[in-house]
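Undergrad: Contents of data_39.txt (compact mmCIF, C-alpha atoms) are given next:
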# COMPACT_ATOMS: atom_id res chain seq x y z
CA MET C 265 -23.49 23.31 -34.81
CA ASN C 266 -20.66 23.64 -37.30
CA VAL C 267 -20.32 27.43 -37.24
CA THR C 268 -17.09 28.80 -38.77
CA LEU C 269 -15.14 31.96 -38.07
CA ARG C 270 -15.52 33.01 -41.70
CA GLN C 271 -19.30 32.88 -41.32
CA LEU C 272 -19.22 34.93 -38.11
CA ARG C 273 -16.87 37.52 -39.64
CA ALA C 274 -19.17 37.77 -42.66
CA PHE C 275 -22.15 38.35 -40.34
CA LEU C 276 -20.35 41.20 -38.54
CA ALA C 277 -19.16 42.76 -41.79
CA VAL C 278 -22.72 42.93 -43.17
CA THR C 279 -24.00 44.28 -39.85
CA ARG C 280 -21.28 46.95 -39.78
CA THR C 281 -21.67 48.14 -43.37
CA GLY C 282 -25.37 47.49 -43.98
CA SER C 283 -24.41 46.30 -47.46
CA PHE C 284 -23.41 42.98 -48.97
CA THR C 285 -21.29 44.80 -51.53
CA LEU C 286 -19.35 46.86 -48.99
CA ALA C 287 -19.05 43.89 -46.62
CA ALA C 288 -17.56 41.74 -49.38
CA GLU C 289 -15.05 44.48 -50.23
CA SER C 290 -13.99 44.80 -46.58
CA LEU C 291 -13.33 41.05 -46.40
CA TYR C 292 -11.63 40.91 -49.83
CA ILE C 293 -14.06 38.29 -51.15
CA THR C 294 -16.70 38.31 -53.86
CA GLN C 295 -20.28 39.30 -53.09
CA SER C 296 -21.48 35.83 -54.06
CA ALA C 297 -18.98 34.26 -51.64
CA LEU C 298 -20.23 36.58 -48.88
CA SER C 299 -23.86 35.73 -49.62
CA GLY C 300 -22.95 32.05 -49.47
CA LEU C 301 -21.36 32.47 -46.02
CA ILE C 302 -24.43 34.26 -44.65
CA LYS C 303 -26.74 31.63 -46.13
CA GLU C 304 -24.65 28.83 -44.61
CA LEU C 305 -24.74 30.53 -41.19
CA GLU C 306 -28.52 30.96 -41.32
CA GLN C 307 -28.92 27.31 -42.31
CA VAL C 308 -26.67 26.07 -39.49
CA LEU C 309 -28.48 28.23 -36.92
CA GLY C 310 -31.90 27.52 -38.39
CA VAL C 311 -32.99 31.17 -38.21
CA ARG C 312 -33.00 34.23 -40.46
CA LEU C 313 -30.39 36.81 -39.42
CA PHE C 314 -31.18 39.61 -41.91
CA ASP C 315 -34.35 41.05 -43.30
CA ARG C 316 -33.69 41.92 -46.92
CA SER C 317 -35.59 44.35 -49.10
CA THR C 318 -34.85 46.07 -52.39
CA ARG C 319 -33.76 49.20 -50.52
CA ARG C 320 -31.82 48.03 -47.49
CA ILE C 321 -30.62 45.18 -45.35
CA GLN C 322 -31.27 45.15 -41.63
CA LEU C 323 -30.85 42.69 -38.80
CA SER C 324 -33.74 40.46 -37.93
CA GLU C 325 -34.92 40.28 -34.35
CA VAL C 326 -32.76 37.18 -33.79
CA GLY C 327 -29.85 38.88 -35.54
CA ARG C 328 -30.10 41.90 -33.23
CA GLY C 329 -30.14 39.59 -30.23
CA ILE C 330 -27.01 37.60 -31.10
CA HIS C 331 -25.01 40.43 -32.68
CA PRO C 332 -23.38 41.71 -29.44
CA LEU C 333 -22.54 38.14 -28.40
CA ILE C 334 -20.87 37.31 -31.72
CA GLU C 335 -19.04 40.64 -31.68
CA LYS C 336 -17.68 39.94 -28.19
CA ILE C 337 -16.58 36.43 -29.17
CA LEU C 338 -14.57 37.72 -32.12
CA VAL C 339 -13.12 40.66 -30.21
CA ASP C 340 -11.94 38.28 -27.47
CA LEU C 341 -10.57 35.83 -30.05
CA ASP C 342 -8.73 38.56 -31.95
CA GLY C 343 -7.31 39.83 -28.68
CA ALA C 344 -6.05 36.36 -27.79
CA LEU C 345 -4.50 35.92 -31.24
CA ASP C 346 -2.82 39.32 -30.98
CA GLU C 347 -1.43 38.33 -27.57
CA VAL C 348 0.00 35.12 -29.01
CA ALA C 349 1.50 37.05 -31.93
CA ASN C 350 3.11 39.56 -29.55
CA ILE C 351 4.55 36.78 -27.40
CA LYS C 352 5.87 34.96 -30.46
CA ALA C 353 7.38 38.20 -31.82
CA LEU C 354 9.01 38.87 -28.39
CA LYS C 355 6.93 42.02 -27.94
CA ARG C 356 5.65 40.74 -24.62
CA GLY C 357 6.73 38.17 -22.05
CA VAL C 358 8.42 37.49 -18.74
CA VAL C 359 11.49 35.31 -18.18
CA ARG C 360 12.32 34.08 -14.66
CA ILE C 361 15.89 32.96 -14.01
CA ALA C 362 17.48 31.41 -10.92
CA ALA C 363 21.23 31.74 -10.46
CA PRO C 364 23.78 31.56 -7.65
CA GLN C 365 24.47 34.86 -5.91
CA LEU C 366 27.98 35.21 -7.37
CA MET C 367 26.83 34.65 -10.95
CA ALA C 368 23.84 36.92 -10.40
CA CYS C 369 26.11 39.85 -9.51
CA THR C 370 28.84 39.30 -12.13
CA LEU C 371 27.98 37.50 -15.38
CA LEU C 372 24.21 37.75 -15.65
CA PRO C 373 23.69 41.54 -15.38
CA ASP C 374 25.79 42.04 -18.53
CA VAL C 375 23.90 39.25 -20.31
CA ILE C 376 20.52 40.69 -19.30
CA ALA C 377 21.52 44.22 -20.37
CA ALA C 378 22.55 42.96 -23.81
CA PHE C 379 19.29 41.01 -24.15
CA ALA C 380 17.25 44.08 -23.13
CA ARG C 381 18.81 46.08 -25.94
CA ASP C 382 17.58 43.51 -28.47
CA CYS C 383 14.25 42.69 -26.79
CA PRO C 384 13.23 45.74 -24.73
CA ASP C 385 9.65 44.54 -24.26
CA ILE C 386 10.64 41.34 -22.42
CA THR C 387 10.81 41.50 -18.62
CA ILE C 388 13.66 39.55 -17.00
CA ARG C 389 13.25 38.55 -13.36
CA LEU C 390 16.53 37.39 -11.83
CA ILE C 391 16.35 35.37 -8.62
CA ASP C 392 19.69 35.17 -6.82
CA CYS C 393 19.79 32.20 -4.50
CA ALA C 394 21.97 29.51 -2.96
CA VAL C 395 23.67 27.20 -5.45
CA GLU C 396 21.85 24.20 -3.97
CA SER C 397 18.38 25.67 -4.65
CA VAL C 398 18.78 26.55 -8.34
CA THR C 399 17.51 23.24 -9.73
CA SER C 400 14.76 22.92 -7.11
CA ARG C 401 13.35 26.27 -8.25
CA VAL C 402 13.41 25.02 -11.84
CA PHE C 403 11.67 21.79 -10.83
CA SER C 404 8.93 23.61 -8.87
CA GLY C 405 8.17 25.92 -11.79
CA GLU C 406 9.12 29.01 -9.81
CA VAL C 407 11.54 29.90 -12.61
CA ASP C 408 11.72 29.13 -16.32
CA LEU C 409 15.39 28.24 -16.27
CA GLY C 410 18.34 28.11 -13.93
CA VAL C 411 22.04 28.69 -14.42
CA GLY C 412 24.68 27.15 -12.20
CA PRO C 413 27.42 24.57 -11.65
CA GLU C 414 26.96 20.89 -12.33
CA ARG C 415 24.59 18.98 -10.07
CA ASP C 416 23.88 15.32 -9.52
CA PRO C 417 21.87 13.92 -12.48
CA ASN C 418 18.10 14.31 -12.22
CA SER C 419 15.66 12.77 -14.71
CA ASP C 420 13.28 15.71 -14.24
CA ILE C 421 15.89 18.35 -15.07
CA ASP C 422 17.58 18.89 -18.42
CA ALA C 423 21.13 20.26 -18.14
CA ALA C 424 22.70 21.93 -21.20
CA LEU C 425 26.41 22.78 -20.90
CA LEU C 426 27.00 26.54 -20.88
CA PHE C 427 30.76 26.74 -20.22
CA GLU C 428 33.64 25.00 -18.49
CA LEU C 429 36.29 27.00 -16.60
CA PRO C 430 39.28 26.28 -14.36
CA PHE C 431 39.59 27.31 -10.73
CA HIS C 432 41.64 30.40 -9.89
CA ALA C 433 43.16 31.63 -6.65
CA VAL C 434 42.47 35.18 -5.45
CA PHE C 435 45.07 37.11 -3.49
CA HIS C 436 45.68 40.47 -1.87
CA ARG C 437 48.14 42.44 -4.02
CA ASP C 438 50.78 42.08 -1.28
CA HIS C 439 50.44 38.31 -1.02
CA PRO C 440 53.67 36.39 -1.83
CA LEU C 441 51.91 34.53 -4.66
CA ALA C 442 50.06 37.51 -6.13
CA ASN C 443 52.59 38.17 -8.92
CA ALA C 444 53.03 34.55 -10.03
CA ALA C 445 51.86 33.65 -13.54
CA SER C 446 50.14 30.59 -12.07
CA VAL C 447 49.93 28.93 -8.66
CA ARG C 448 50.24 25.27 -7.75
CA TRP C 449 47.63 23.85 -5.40
CA ALA C 450 50.41 22.66 -3.13
CA GLU C 451 51.75 26.22 -2.92
CA LEU C 452 48.30 27.57 -2.07
CA ALA C 453 47.97 25.05 0.76
CA SER C 454 50.91 26.69 2.55
CA TYR C 455 48.91 29.87 3.21
CA PRO C 456 45.66 30.68 5.06
CA LEU C 457 42.68 29.80 2.86
CA ILE C 458 39.08 31.00 2.88
CA THR C 459 36.50 28.91 1.00
CA LEU C 460 32.76 28.72 0.51
CA GLN C 461 30.59 26.41 2.54
CA GLY C 462 28.65 23.47 1.12
CA GLN C 463 28.94 21.65 -2.18
CA PHE C 464 31.38 24.15 -3.72
CA THR C 465 34.20 23.08 -1.42
CA GLU C 466 33.04 19.47 -1.07
CA ARG C 467 33.12 18.84 -4.83
CA LEU C 468 36.44 20.63 -5.19
CA SER C 469 38.00 18.53 -2.41
CA THR C 470 36.79 15.37 -4.14
CA ASP C 471 38.26 16.50 -7.48
CA LEU C 472 41.60 17.28 -5.86
CA ARG C 473 41.78 13.94 -4.06
CA ASN C 474 40.98 12.14 -7.30
CA ALA C 475 43.82 13.98 -9.01
CA MET C 476 46.39 13.77 -6.21
CA ARG C 477 45.60 11.66 -3.16
CA GLU C 478 47.88 13.66 -0.89
CA LEU C 479 46.28 16.96 -1.90
CA ASP C 480 43.27 18.27 0.01
CA LEU C 481 41.74 21.55 1.09
CA ASN C 482 42.15 22.58 4.70
CA PRO C 483 40.51 26.00 4.84
CA ASN C 484 41.12 28.30 7.79
CA ALA C 485 37.62 29.75 7.34
CA THR C 486 34.46 28.95 5.41
CA VAL C 487 31.79 31.50 4.50
CA THR C 488 28.45 31.51 2.70
CA PHE C 489 29.03 34.19 0.06
CA MET C 490 31.97 34.96 -2.21
CA SER C 491 31.63 38.66 -1.42
CA THR C 492 32.45 37.81 2.21
CA ALA C 493 35.47 35.77 1.17
CA LEU C 494 36.74 38.58 -1.06
CA SER C 495 36.28 41.13 1.73
CA MET C 496 38.37 38.93 4.02
CA VAL C 497 41.04 38.55 1.35
CA SER C 498 41.11 42.32 0.83
CA VAL C 499 42.19 42.87 4.47
CA GLY C 500 44.87 40.18 4.34
CA LEU C 501 43.10 37.34 6.16
CA GLY C 502 43.99 34.79 3.51
CA ALA C 503 43.45 33.74 -0.10
CA THR C 504 40.31 32.31 -1.66
CA ILE C 505 39.25 30.30 -4.70
CA CYS C 506 36.74 31.16 -7.40
CA ILE C 507 35.83 30.74 -11.06
CA PRO C 508 37.13 33.46 -13.46
CA TYR C 509 33.67 34.64 -14.56
CA ALA C 510 33.81 36.56 -11.25
CA ALA C 511 36.80 38.64 -12.42
CA SER C 512 34.75 41.86 -12.40
CA LEU C 513 34.02 41.43 -8.70
CA VAL C 514 37.64 40.55 -7.95
CA ARG C 515 38.74 43.78 -9.65
CA LEU C 516 36.17 45.71 -7.64
CA TYR C 517 37.90 44.56 -4.45
CA GLY C 518 41.34 45.44 -5.86
CA LEU C 519 42.54 41.83 -5.74
CA ARG C 520 44.53 39.60 -8.07
CA MET C 521 43.40 36.35 -9.64
CA ARG C 522 45.82 33.63 -10.74
CA PRO C 523 45.23 30.23 -12.43
CA LEU C 524 45.56 27.17 -10.20
CA VAL C 525 47.56 24.32 -11.72
CA ALA C 526 49.08 20.95 -10.88
CA PRO C 527 46.38 19.78 -11.22
CA GLU C 528 44.18 22.07 -13.30
CA VAL C 529 40.64 21.54 -12.02
CA PHE C 530 37.61 22.63 -14.03
CA ARG C 531 34.03 23.34 -13.09
CA ARG C 532 31.18 23.01 -15.57
CA PHE C 533 28.19 25.34 -15.59
CA TYR C 534 24.83 24.49 -17.12
CA ILE C 535 21.50 25.93 -18.15
CA PHE C 536 18.83 23.95 -16.31
CA THR C 537 15.26 23.51 -17.57
CA ARG C 538 12.40 21.22 -16.59
CA ASN C 539 11.97 18.11 -18.73
CA GLY C 540 8.57 17.88 -20.36
CA ARG C 541 7.84 21.60 -19.93
CA SER C 542 8.25 23.75 -23.02
CA LEU C 543 9.79 27.20 -22.69
CA SER C 544 7.89 30.31 -23.70
CA PRO C 545 9.25 32.10 -26.79
CA ALA C 546 10.76 34.75 -24.49
CA ALA C 547 12.47 32.18 -22.25
CA ALA C 548 13.76 30.23 -25.24
CA ALA C 549 15.11 33.45 -26.77
CA PHE C 550 16.93 34.34 -23.54
CA ARG C 551 18.40 30.83 -23.26
CA ASP C 552 19.77 31.08 -26.80
CA HIS C 553 21.01 34.62 -26.15
CA LEU C 554 22.87 33.49 -23.03
CA SER C 555 24.61 30.69 -24.93
CA ARG C 556 25.61 33.06 -27.74
CA TYR C 557 26.83 35.71 -25.31
CA VAL C 558 29.10 33.27 -23.53
CA ALA C 559 30.46 31.99 -26.85
CA GLU C 560 31.06 35.43 -28.35
CA HIS C 561 32.43 37.46 -25.43
CA ALA C 562 35.83 37.12 -23.79
CA ILE C 563 34.29 37.53 -20.36
CA PHE C 564 36.22 34.84 -18.56
CA SER C 565 39.78 36.08 -18.95
CA ALA C 566 41.52 36.88 -15.70
CA ALA C 567 44.78 37.97 -17.34
CA ASP C 568 44.33 41.64 -16.41
CA THR C 569 43.22 40.94 -12.85
Could you write out this file's structure as structure tokens?
TA:
Amino acid sequence: MNVTLRQLRAFLAVTRTGSFTLAAESLYITQSALSGLIKELEQVLGVRLFDRSTRRIQLSEVGRGIHPLIEKILVDLDGALDEVANIKALKRGVVRIAAPQLMACTLLPDVIAAFARDCPDITIRLIDCAVESVTSRVFSGEVDLGVGPERDPNSDIDAALLFELPFHAVFHRDHPLANAASVRWAELASYPLITLQGQFTERLSTDLRNAMRELDLNPNATVTFMSTALSMVSVGLGATICIPYAASLVRLYGLRMRPLVAPEVFRRFYIFTRNGRSLSPAAAAFRDHLSRYVAEHAIFSAADT
């Protein structure tokens, strides 16, 4: 049966008003157009839906039987369309983001707070996790997007560059190198060093060896979280290495951050999404907001640290 929504809405309008004239006015169509829609619906269904007389119009027995069903269909449809409109207009939605623990406690809270001011009806769920698990959470569908440092290429994951920043050394204020404008890697190697475990240090060691074969990291201690490394630095156990987006956390520990040079080594950070899986309007809006925020805010300067 080729029943149309216009026919069903016409049927409900006549039922609600009890008048073809009033029903046509409520639908902003002519009375003849309304009569045509009702006639078409009765022809498609093969039954009479209204009993007409010179005084009034009332539902037939079949009309009374199908009226609640048609009403429910249109109420459910209108509800679904309203939901889609709200999602599209960013009046409803949930965005799930995976990010390394350090980024989750420095950069992203400011980004999320700014997004919430513009889109207060969108819920942001931030999952702080190990760097190595960011892309796996994107791949599994646990999150809509991930943010983190560069990973090995994966055909299932799309990586869009977010920013590129150089490594910095972090010192206690009394450290001999704390007041230098910049620090050479070779100078840093002369002092106790605390680094992160896993791919962070492994990739950095590879980059340093590629730049200067005689230069390598020989940390005195390795830890899982940057907060642990900073705590150790704050009591004079050594220096550590991080990316300057963490400057707010460095300041919180009362430490100093200085650029590392000779060579200057950069780390790229990306927004990761799953190939072949479209983002919801809310997730797409947050992705665009994150890119704009990074481009517009001077959040990576360590000059005052």
Undergrad: Please return as JSON, numbers by chain every residue within 12 Å of (50.4, 28.8, -12.7), taking into account all atoms listed in the file and the file's own coordinates.
TA: {"C": [430, 431, 432, 433, 441, 442, 443, 444, 445, 446, 447, 448, 449, 450, 451, 452, 521, 522, 523, 524, 525, 526, 527, 528, 567]}
Undergrad: Hey, can you pull every residue with an atom no more than 12 Å from (5.5, 29.6, -25.9), using all atoms listed in the file, and send it as a PyMOL selection string?
TA: chain C and resi 347-354+356-359+408+541-549
Undergrad: Hey, which of C:Ser317, C:Thr268, C:Ser404, C:Ser512 ends up closest to C:Leu494? Count only C-alpha atoms.
TA: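 For C:Leu494, the nearest of the candidates is C:Ser512.
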Undergrad: Between atom CA of C:Ser495 and atom CA of C:Phe435, what is the distance, to one decimal in Å?
TA: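 So the answer is 11.0 Å.
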Undergrad: Could you check which of C:Asp315, C:Glu396, C:Asp374, C:Asp438 is closest to C:Gly518, using only C-alpha atoms?
TA: C:Asp438
Undergrad: Measuring between only C-alpha atoms, which one of C:Phe550, C:Tyr557, C:Phe275, C:Phe464 shows the shortest distance to C:Ile334?
TA: C:Phe275
Undergrad: With all atoms listed in the file as the basis for distance, which of C:Arg389, C:Arg360, C:Arg381, C:Arg328 is at the shortest distance from C:Gly405?
TA: C:Arg360
Undergrad: At what distance in Å, to one decimal, does atom CA of C:Val499 lie from atom CA of C:Val395?
TA: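 Going from atom CA of C:Val395 over to atom CA of C:Val499 covers 26.2 Å.
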